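Heads up, start17.cif below (mmCIF, N, CA and C atoms and all ligand atoms):
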```cif
data_final
#
loop_
_atom_site.label_atom_id
_atom_site.label_comp_id
_atom_site.auth_asym_id
_atom_site.auth_seq_id
_atom_site.Cartn_x
_atom_site.Cartn_y
_atom_site.Cartn_z
N MET A 1 101.13 87.44 100.41
CA MET A 1 101.78 86.74 99.30
C MET A 1 103.01 85.98 99.81
N LYS A 2 103.13 84.75 99.46
CA LYS A 2 104.26 83.94 99.89
C LYS A 2 105.32 83.92 98.79
N SER A 3 106.56 84.04 99.25
CA SER A 3 107.65 84.02 98.30
C SER A 3 108.34 82.66 98.36
N LYS A 4 108.90 82.24 97.24
CA LYS A 4 109.60 80.96 97.22
C LYS A 4 111.00 81.08 97.79
N ILE A 5 111.55 82.27 97.79
CA ILE A 5 112.91 82.48 98.30
C ILE A 5 112.83 82.77 99.79
N ILE A 6 113.54 82.00 100.58
CA ILE A 6 113.51 82.16 102.04
C ILE A 6 114.47 83.30 102.43
N ILE A 7 113.99 84.13 103.35
CA ILE A 7 114.89 85.16 103.90
C ILE A 7 115.08 84.91 105.39
N SER A 8 116.25 85.30 105.88
CA SER A 8 116.61 85.08 107.28
C SER A 8 115.89 86.09 108.17
N GLU A 9 115.94 85.86 109.46
CA GLU A 9 115.37 86.82 110.40
C GLU A 9 116.04 88.17 110.26
N GLN A 10 117.35 88.15 110.06
CA GLN A 10 118.09 89.41 109.89
C GLN A 10 117.64 90.14 108.63
N GLU A 11 117.43 89.40 107.56
CA GLU A 11 116.95 90.02 106.33
C GLU A 11 115.53 90.55 106.49
N LYS A 12 114.73 89.88 107.32
CA LYS A 12 113.36 90.38 107.59
C LYS A 12 113.40 91.75 108.28
N GLN A 13 114.45 92.01 109.03
CA GLN A 13 114.56 93.31 109.71
C GLN A 13 114.70 94.46 108.71
N LEU A 14 115.04 94.13 107.48
CA LEU A 14 115.16 95.18 106.46
C LEU A 14 113.80 95.80 106.14
N ILE A 15 112.72 95.04 106.36
CA ILE A 15 111.39 95.54 105.99
C ILE A 15 111.00 96.74 106.85
N PRO A 16 110.98 96.63 108.19
CA PRO A 16 110.68 97.84 108.97
C PRO A 16 111.72 98.94 108.78
N ALA A 17 112.96 98.54 108.54
CA ALA A 17 114.01 99.56 108.32
C ALA A 17 113.73 100.36 107.05
N ALA A 18 113.27 99.69 106.00
CA ALA A 18 112.94 100.40 104.75
C ALA A 18 111.72 101.31 104.96
N PHE A 19 110.71 100.82 105.66
CA PHE A 19 109.55 101.68 105.95
C PHE A 19 109.97 102.91 106.75
N ASN A 20 110.89 102.72 107.67
CA ASN A 20 111.36 103.84 108.50
C ASN A 20 112.04 104.92 107.66
N MET A 21 112.61 104.55 106.53
CA MET A 21 113.31 105.52 105.69
C MET A 21 112.37 106.41 104.89
N LEU A 22 111.10 106.02 104.77
CA LEU A 22 110.14 106.81 103.98
C LEU A 22 110.06 108.25 104.49
N LYS A 23 110.21 108.44 105.79
CA LYS A 23 110.05 109.78 106.35
C LYS A 23 111.16 110.74 105.92
N TYR A 24 112.26 110.19 105.44
CA TYR A 24 113.38 111.05 105.01
C TYR A 24 113.32 111.39 103.53
N SER A 25 112.42 110.76 102.80
CA SER A 25 112.33 110.99 101.35
C SER A 25 112.17 112.48 101.05
N TYR A 26 113.00 112.95 100.12
CA TYR A 26 112.86 114.33 99.63
C TYR A 26 112.30 114.24 98.21
N SER A 27 110.98 114.35 98.13
CA SER A 27 110.31 114.12 96.84
C SER A 27 109.18 115.13 96.65
N PRO A 28 109.51 116.45 96.67
CA PRO A 28 108.45 117.45 96.59
C PRO A 28 107.80 117.55 95.22
N TYR A 29 108.37 116.95 94.20
CA TYR A 29 107.84 117.09 92.83
C TYR A 29 106.91 115.93 92.48
N SER A 30 107.35 114.72 92.78
CA SER A 30 106.49 113.56 92.47
C SER A 30 105.61 113.18 93.66
N ASN A 31 106.04 113.57 94.87
CA ASN A 31 105.37 113.11 96.10
C ASN A 31 105.35 111.59 96.20
N PHE A 32 106.19 110.94 95.44
CA PHE A 32 106.31 109.47 95.53
C PHE A 32 107.51 109.17 96.42
N LYS A 33 107.25 108.69 97.61
CA LYS A 33 108.31 108.46 98.59
C LYS A 33 108.78 107.01 98.52
N VAL A 34 110.10 106.84 98.54
CA VAL A 34 110.69 105.50 98.49
C VAL A 34 111.71 105.37 99.62
N GLY A 35 111.66 104.23 100.28
CA GLY A 35 112.64 103.90 101.31
C GLY A 35 113.31 102.58 100.97
N ALA A 36 114.58 102.47 101.33
CA ALA A 36 115.32 101.23 101.10
C ALA A 36 116.18 100.93 102.31
N ALA A 37 116.44 99.66 102.53
CA ALA A 37 117.37 99.23 103.58
C ALA A 37 118.21 98.10 103.02
N LEU A 38 119.51 98.27 103.13
CA LEU A 38 120.50 97.40 102.50
C LEU A 38 121.31 96.71 103.58
N LEU A 39 121.45 95.39 103.47
CA LEU A 39 122.21 94.62 104.46
C LEU A 39 123.58 94.28 103.88
N SER A 40 124.63 94.69 104.59
CA SER A 40 125.98 94.38 104.13
C SER A 40 126.41 93.01 104.65
N SER A 41 127.46 92.49 104.05
CA SER A 41 127.98 91.20 104.50
C SER A 41 128.57 91.29 105.90
N THR A 42 128.86 92.52 106.35
CA THR A 42 129.34 92.72 107.72
C THR A 42 128.17 92.95 108.67
N GLU A 43 126.96 92.68 108.18
CA GLU A 43 125.74 92.70 108.98
C GLU A 43 125.33 94.09 109.46
N LYS A 44 125.71 95.10 108.70
CA LYS A 44 125.23 96.46 108.97
C LYS A 44 124.07 96.77 108.02
N ILE A 45 123.13 97.56 108.51
CA ILE A 45 122.01 97.99 107.67
C ILE A 45 122.23 99.45 107.28
N PHE A 46 122.16 99.72 105.99
CA PHE A 46 122.28 101.08 105.47
C PHE A 46 120.93 101.48 104.88
N GLY A 47 120.38 102.58 105.36
CA GLY A 47 119.11 103.06 104.85
C GLY A 47 119.31 104.03 103.69
N GLY A 48 118.27 104.19 102.90
CA GLY A 48 118.31 105.16 101.81
C GLY A 48 116.91 105.65 101.51
N CYS A 49 116.84 106.86 100.96
CA CYS A 49 115.56 107.40 100.50
C CYS A 49 115.79 108.06 99.15
N ASN A 50 114.71 108.29 98.42
CA ASN A 50 114.86 109.00 97.14
C ASN A 50 115.03 110.50 97.39
N ILE A 51 115.81 111.14 96.54
CA ILE A 51 116.12 112.57 96.66
C ILE A 51 115.96 113.19 95.27
N GLU A 52 114.94 114.06 95.15
CA GLU A 52 114.60 114.63 93.84
C GLU A 52 115.12 116.05 93.69
N PHE A 53 115.25 116.47 92.44
CA PHE A 53 115.64 117.84 92.13
C PHE A 53 114.67 118.41 91.11
N PHE A 54 114.40 119.69 91.22
CA PHE A 54 113.31 120.29 90.43
C PHE A 54 113.60 120.29 88.95
N TRP A 55 114.87 120.28 88.55
CA TRP A 55 115.16 120.44 87.14
C TRP A 55 115.30 119.12 86.40
N GLY A 56 114.87 118.06 87.00
CA GLY A 56 114.76 116.86 86.20
C GLY A 56 115.50 115.66 86.74
N GLY A 57 115.55 114.67 85.89
CA GLY A 57 115.97 113.35 86.34
C GLY A 57 117.45 113.14 86.51
N GLY A 58 118.27 113.97 85.90
CA GLY A 58 119.69 113.67 85.89
C GLY A 58 120.33 113.58 87.25
N ALA A 59 119.92 114.43 88.17
CA ALA A 59 120.54 114.44 89.49
C ALA A 59 119.72 113.70 90.54
N THR A 60 118.50 113.37 90.21
CA THR A 60 117.65 112.65 91.16
C THR A 60 118.25 111.28 91.45
N VAL A 61 118.22 110.91 92.73
CA VAL A 61 118.79 109.63 93.13
C VAL A 61 117.72 108.80 93.82
N CYS A 62 117.65 107.54 93.43
CA CYS A 62 116.68 106.63 94.03
C CYS A 62 117.14 106.19 95.42
N ALA A 63 116.20 105.67 96.19
CA ALA A 63 116.49 105.20 97.55
C ALA A 63 117.54 104.08 97.54
N GLU A 64 117.43 103.19 96.56
CA GLU A 64 118.35 102.06 96.51
C GLU A 64 119.79 102.52 96.30
N ARG A 65 119.96 103.48 95.38
CA ARG A 65 121.32 103.98 95.14
C ARG A 65 121.82 104.82 96.30
N THR A 66 120.92 105.55 96.95
CA THR A 66 121.35 106.28 98.15
C THR A 66 121.93 105.31 99.18
N ALA A 67 121.24 104.21 99.39
CA ALA A 67 121.72 103.22 100.37
C ALA A 67 123.06 102.62 99.93
N ILE A 68 123.15 102.26 98.65
CA ILE A 68 124.41 101.68 98.13
C ILE A 68 125.55 102.69 98.27
N PHE A 69 125.29 103.95 97.89
CA PHE A 69 126.36 104.96 97.92
C PHE A 69 126.80 105.24 99.35
N LYS A 70 125.84 105.29 100.27
CA LYS A 70 126.20 105.46 101.68
C LYS A 70 127.12 104.33 102.13
N ALA A 71 126.74 103.11 101.81
CA ALA A 71 127.51 101.95 102.26
C ALA A 71 128.90 101.92 101.63
N VAL A 72 128.96 102.12 100.32
CA VAL A 72 130.25 102.06 99.63
C VAL A 72 131.17 103.17 100.14
N SER A 73 130.59 104.34 100.40
CA SER A 73 131.41 105.45 100.89
C SER A 73 131.89 105.24 102.32
N GLU A 74 131.36 104.22 102.97
CA GLU A 74 131.83 103.87 104.31
C GLU A 74 132.61 102.55 104.30
N GLY A 75 133.03 102.13 103.11
CA GLY A 75 133.93 100.99 103.02
C GLY A 75 133.30 99.64 102.75
N GLU A 76 131.98 99.61 102.62
CA GLU A 76 131.30 98.33 102.38
C GLU A 76 131.20 98.08 100.87
N LYS A 77 131.48 96.86 100.46
CA LYS A 77 131.38 96.54 99.03
C LYS A 77 130.73 95.19 98.78
N SER A 78 130.22 94.59 99.83
CA SER A 78 129.60 93.28 99.69
C SER A 78 128.27 93.28 100.44
N PHE A 79 127.23 92.82 99.76
CA PHE A 79 125.88 92.94 100.30
C PHE A 79 125.10 91.65 100.08
N SER A 80 124.12 91.40 100.96
CA SER A 80 123.34 90.18 100.83
C SER A 80 121.89 90.43 100.44
N ALA A 81 121.33 91.59 100.84
CA ALA A 81 119.91 91.80 100.55
C ALA A 81 119.56 93.28 100.66
N ILE A 82 118.47 93.65 99.97
CA ILE A 82 117.92 95.00 100.09
C ILE A 82 116.40 94.87 100.16
N CYS A 83 115.77 95.77 100.92
CA CYS A 83 114.31 95.86 100.90
C CYS A 83 113.95 97.24 100.36
N ILE A 84 112.92 97.29 99.54
CA ILE A 84 112.47 98.54 98.92
C ILE A 84 110.97 98.68 99.16
N VAL A 85 110.57 99.87 99.60
CA VAL A 85 109.13 100.17 99.76
C VAL A 85 108.88 101.56 99.16
N GLY A 86 107.68 101.79 98.68
CA GLY A 86 107.39 103.11 98.14
C GLY A 86 105.92 103.30 97.88
N GLY A 87 105.53 104.58 97.86
CA GLY A 87 104.14 104.90 97.54
C GLY A 87 103.93 106.39 97.50
N LYS A 88 102.86 106.79 96.82
CA LYS A 88 102.50 108.20 96.74
C LYS A 88 102.27 108.74 98.15
N ASN A 89 102.90 109.86 98.44
CA ASN A 89 102.82 110.49 99.76
C ASN A 89 103.25 109.55 100.89
N GLY A 90 104.03 108.55 100.55
CA GLY A 90 104.52 107.62 101.55
C GLY A 90 103.51 106.57 101.97
N ASP A 91 102.39 106.52 101.27
CA ASP A 91 101.35 105.54 101.57
C ASP A 91 101.62 104.30 100.71
N VAL A 92 102.20 103.29 101.30
CA VAL A 92 102.60 102.10 100.55
C VAL A 92 101.39 101.20 100.34
N GLN A 93 100.99 101.07 99.07
CA GLN A 93 99.82 100.26 98.72
C GLN A 93 100.18 99.05 97.87
N ASP A 94 101.39 99.10 97.31
CA ASP A 94 101.76 98.06 96.34
C ASP A 94 103.27 97.86 96.41
N PHE A 95 103.76 96.93 95.62
CA PHE A 95 105.19 96.68 95.57
C PHE A 95 105.88 97.73 94.70
N CYS A 96 107.06 98.13 95.10
CA CYS A 96 107.83 99.16 94.39
C CYS A 96 109.12 98.53 93.90
N SER A 97 109.20 98.36 92.61
CA SER A 97 110.31 97.62 92.02
C SER A 97 111.44 98.58 91.63
N PRO A 98 112.69 98.14 91.73
CA PRO A 98 113.80 99.04 91.41
C PRO A 98 113.88 99.38 89.92
N CYS A 99 114.31 100.60 89.62
CA CYS A 99 114.45 101.02 88.22
C CYS A 99 115.67 100.35 87.58
N GLY A 100 115.79 100.52 86.31
CA GLY A 100 116.88 99.88 85.56
C GLY A 100 118.25 100.35 85.99
N ILE A 101 118.38 101.65 86.28
CA ILE A 101 119.69 102.16 86.71
C ILE A 101 120.09 101.50 88.03
N CYS A 102 119.16 101.42 88.97
CA CYS A 102 119.47 100.80 90.26
C CYS A 102 119.82 99.33 90.09
N ARG A 103 119.12 98.64 89.22
CA ARG A 103 119.43 97.23 89.00
C ARG A 103 120.86 97.08 88.50
N GLN A 104 121.26 97.95 87.58
CA GLN A 104 122.62 97.87 87.05
C GLN A 104 123.65 98.21 88.13
N VAL A 105 123.35 99.25 88.95
CA VAL A 105 124.27 99.63 90.04
C VAL A 105 124.38 98.47 91.04
N LEU A 106 123.26 97.86 91.38
CA LEU A 106 123.31 96.71 92.29
C LEU A 106 124.21 95.61 91.73
N SER A 107 124.15 95.43 90.41
CA SER A 107 124.93 94.34 89.81
C SER A 107 126.44 94.60 89.90
N GLU A 108 126.82 95.86 90.12
CA GLU A 108 128.24 96.19 90.28
C GLU A 108 128.78 95.60 91.59
N PHE A 109 127.93 95.57 92.61
CA PHE A 109 128.40 95.19 93.95
C PHE A 109 127.81 93.88 94.45
N CYS A 110 126.77 93.38 93.80
CA CYS A 110 126.03 92.25 94.36
C CYS A 110 126.07 91.06 93.42
N LYS A 111 126.09 89.89 94.04
CA LYS A 111 126.12 88.65 93.26
C LYS A 111 124.71 88.36 92.69
N PRO A 112 124.65 87.45 91.71
CA PRO A 112 123.34 87.15 91.11
C PRO A 112 122.30 86.65 92.11
N ASP A 113 122.74 86.05 93.24
CA ASP A 113 121.77 85.55 94.22
C ASP A 113 121.42 86.57 95.30
N PHE A 114 121.92 87.79 95.16
CA PHE A 114 121.54 88.90 96.06
C PHE A 114 120.01 88.99 96.09
N LYS A 115 119.46 89.17 97.32
CA LYS A 115 118.00 89.15 97.48
C LYS A 115 117.42 90.56 97.44
N ILE A 116 116.37 90.73 96.66
CA ILE A 116 115.65 91.99 96.58
C ILE A 116 114.25 91.76 97.12
N ILE A 117 113.99 92.38 98.27
CA ILE A 117 112.70 92.20 98.96
C ILE A 117 111.82 93.40 98.64
N LEU A 118 110.68 93.15 98.04
CA LEU A 118 109.70 94.20 97.77
C LEU A 118 108.56 94.01 98.75
N ALA A 119 108.30 95.02 99.57
CA ALA A 119 107.28 94.88 100.60
C ALA A 119 106.16 95.90 100.36
N SER A 120 104.92 95.44 100.56
CA SER A 120 103.78 96.35 100.51
C SER A 120 103.23 96.60 101.90
N SER A 121 103.72 95.85 102.88
CA SER A 121 103.41 96.07 104.29
C SER A 121 104.49 95.35 105.08
N LEU A 122 104.41 95.42 106.40
CA LEU A 122 105.43 94.74 107.22
C LEU A 122 105.34 93.23 107.07
N THR A 123 104.20 92.72 106.64
CA THR A 123 104.04 91.27 106.57
C THR A 123 103.82 90.76 105.14
N ASP A 124 103.58 91.66 104.20
CA ASP A 124 103.32 91.25 102.82
C ASP A 124 104.51 91.65 101.96
N PHE A 125 105.25 90.66 101.52
CA PHE A 125 106.44 90.96 100.73
C PHE A 125 106.70 89.82 99.75
N LYS A 126 107.49 90.14 98.72
CA LYS A 126 107.96 89.10 97.81
C LYS A 126 109.44 89.31 97.59
N VAL A 127 110.10 88.21 97.29
CA VAL A 127 111.56 88.23 97.22
C VAL A 127 112.00 87.76 95.84
N PHE A 128 112.91 88.53 95.26
CA PHE A 128 113.53 88.17 93.99
C PHE A 128 115.03 88.10 94.19
N THR A 129 115.71 87.44 93.28
CA THR A 129 117.17 87.58 93.25
C THR A 129 117.51 88.65 92.21
N LEU A 130 118.72 89.16 92.33
CA LEU A 130 119.15 90.16 91.35
C LEU A 130 119.09 89.58 89.93
N SER A 131 119.46 88.33 89.80
CA SER A 131 119.41 87.74 88.44
C SER A 131 117.99 87.58 87.93
N ASP A 132 117.00 87.49 88.86
CA ASP A 132 115.59 87.50 88.43
C ASP A 132 115.24 88.83 87.76
N LEU A 133 115.71 89.93 88.39
CA LEU A 133 115.31 91.26 87.94
C LEU A 133 116.26 91.87 86.90
N LEU A 134 117.43 91.27 86.76
CA LEU A 134 118.39 91.75 85.76
C LEU A 134 119.06 90.57 85.07
N PRO A 135 118.27 89.84 84.29
CA PRO A 135 118.86 88.68 83.59
C PRO A 135 119.79 89.15 82.47
N GLU A 136 120.76 88.33 82.20
CA GLU A 136 121.70 88.62 81.09
C GLU A 136 122.29 90.02 81.24
N SER A 137 122.72 90.34 82.47
CA SER A 137 123.19 91.72 82.74
C SER A 137 124.52 92.00 82.05
N PHE A 138 124.74 93.28 81.78
CA PHE A 138 125.99 93.74 81.18
C PHE A 138 127.11 93.64 82.20
N SER A 139 128.24 93.11 81.79
CA SER A 139 129.43 93.17 82.63
C SER A 139 130.65 93.06 81.72
N LEU A 140 131.78 93.50 82.22
CA LEU A 140 133.01 93.44 81.43
C LEU A 140 133.70 92.10 81.64
ZN ZN A 201 116.38 103.51 90.81
#
```

Transcribe the structure of this file into structure tokens.
Amino acid sequence: MKSKIIISEQEKQLIPAAFNMLKYSYSPYSNFKVGAALLSSTEKIFGGCNIEFFWGGGATVCAERTAIFKAVSEGEKSFSAICIVGGKNGDVQDFCSPCGICRQVLSEFCKPDFKIILASSLTDFKVFTLSDLLPESFSL
């Protein structure tokens, strides 16, 4: 699938980095593993995986937010792109789109043209901007 939004070579590196994060997913309840890789404006890549808890959704954290929280807790607050991959048992068959909470969290730190790369393989991906996936977002 070809995307209309061009990504740089550096942003393309997020795809294998996101796949690499699948092995860290802690998802014993859903067995749905998600990996994310986030590129900061200082050109560092922060990985993330989903982390589930048996008693429900309140404490479960998605891969995208894990990556954002890791980066922010290390002083990064500006980002250019994220790649997200996911699948049952870590077998990525389709595109894995960020949930509403993650979209809102991304909007806290990322500009409307922030790139969200959804990959179903190392070579098959599509690219959205944050404003594509969170139009008319809430802000103060
Ligand atoms: Zn999420």

Top pick for closest residue to ligand ZN 201 (chain A), considering A:Ala63, A:Cys96, A:Leu140, A:Ala71 and counting only N, CA and C atoms and all ligand atoms: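 Ranking A:Ala63, A:Cys96, A:Leu140, A:Ala71 by distance to ligand ZN 201 (chain A), first place goes to A:Ala63.
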
Among the residues A:Lys33, A:Lys77, A:Lys115, A:Arg65, the one that comes closest to ligand ZN 201 (chain A) [using all atoms listed in the file]: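 Looking at the shortest contact to ligand ZN 201 (chain A), the residue is A:Arg65.
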
Glu64 in chain A environment, 7 Å, only C-alpha atoms, sequence neighbours closer than 3 positions dropped, as a list in words: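 Within the cut-off, the hits are Ala36, Gly48, Ala67, Ile68 and Cys102 of chain A.
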
Contacts to ligand ZN 201 (chain A) at 5 Å cut-off (only N, CA and C atoms and all ligand atoms) as a ChimeraX atom specification: /A:62,98-99,102

DSSP-assigned helix (DSSP H, G or I) among chain A, expressed as a ChimeraX atom specification: /A:9-12,14-24,63-72,100-109,130-133

From A:Val34, A:Leu106, A:Leu118, A:Ile45, residue lying nearest Gly87 in chain A [all atoms listed in the file]: A:Val34

Residue set, chain A restricted to strand (DSSP E), as a VMD selection string: chain A and resid 32 to 40 45 to 49 79 to 88 115 to 119 125 to 129

For Ile117 in chain A, the nearest of the candidates A:Gly90, A:Gly100, A:Gly35, A:Gly75, counting only C-alpha atoms: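 Smallest distance to Ile117 in chain A is found for A:Gly35.
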
Please enclose the listed atoms of range 122-130 of chain A in an axis-aligned box, pad each side by 3 Å, and write out the centre and the three edge lengths in Å, rounded to one decimal, as lines of an AutoDock Vina configuration file.
```
center_x = 111.2
center_y = 91.4
center_z = 98.6
size_x = 21.8
size_y = 14.0
size_z = 23.3
```

Closest of A:Glu136, A:Ser40, A:Ile116, A:Tyr26 to Glu52 in chain A - atom-to-atom distances counting all atoms listed in the file: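 Nearest to Glu52 in chain A: A:Tyr26.
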
Distance query 6.5 Å from (103.3, 96.6, 97.1) using all atoms listed in the file, result as number ranges by chain: A: 92-96, 118-121

Å distance separating CA of Ala17 in chain A from atom C of Phe46 in chain A, one decimal place: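 Interatomic distance, CA of Ala17 in chain A to atom C of Phe46 in chain A: 8.0 Å.
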
Atom-to-atom span, atom N of Phe19 in chain A and CA of Glu74 in chain A, Å: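 CA of Glu74 in chain A lies at a distance of 21.4 Å from atom N of Phe19 in chain A.
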
Scan for residues within 8 Å of the point (124.4, 94.4, 84.9) in the coordinates of the file, using all atoms listed in the file, and reply as a compact mmCIF listing (two decimals) with N, CA and C atoms, in the coordinates of the input.
```
# COMPACT_ATOMS: atom_id res chain seq x y z
N ARG A 103 119.12 98.64 89.22
CA ARG A 103 119.43 97.23 89.00
C ARG A 103 120.86 97.08 88.50
N GLN A 104 121.26 97.95 87.58
CA GLN A 104 122.62 97.87 87.05
C GLN A 104 123.65 98.21 88.13
N VAL A 105 123.35 99.25 88.95
CA VAL A 105 124.27 99.63 90.04
C VAL A 105 124.38 98.47 91.04
N LEU A 106 123.26 97.86 91.38
CA LEU A 106 123.31 96.71 92.29
C LEU A 106 124.21 95.61 91.73
N SER A 107 124.15 95.43 90.41
CA SER A 107 124.93 94.34 89.81
C SER A 107 126.44 94.60 89.90
N GLU A 108 126.82 95.86 90.12
CA GLU A 108 128.24 96.19 90.28
C GLU A 108 128.78 95.60 91.59
N LEU A 134 117.43 91.27 86.76
CA LEU A 134 118.39 91.75 85.76
C LEU A 134 119.06 90.57 85.07
N PRO A 135 118.27 89.84 84.29
CA PRO A 135 118.86 88.68 83.59
C PRO A 135 119.79 89.15 82.47
N GLU A 136 120.76 88.33 82.20
CA GLU A 136 121.70 88.62 81.09
C GLU A 136 122.29 90.02 81.24
N SER A 137 122.72 90.34 82.47
CA SER A 137 123.19 91.72 82.74
C SER A 137 124.52 92.00 82.05
N PHE A 138 124.74 93.28 81.78
CA PHE A 138 125.99 93.74 81.18
C PHE A 138 127.11 93.64 82.20
N SER A 139 128.24 93.11 81.79
CA SER A 139 129.43 93.17 82.63
C SER A 139 130.65 93.06 81.72
N LEU A 140 131.78 93.50 82.22
CA LEU A 140 133.01 93.44 81.43
C LEU A 140 133.70 92.10 81.64
```
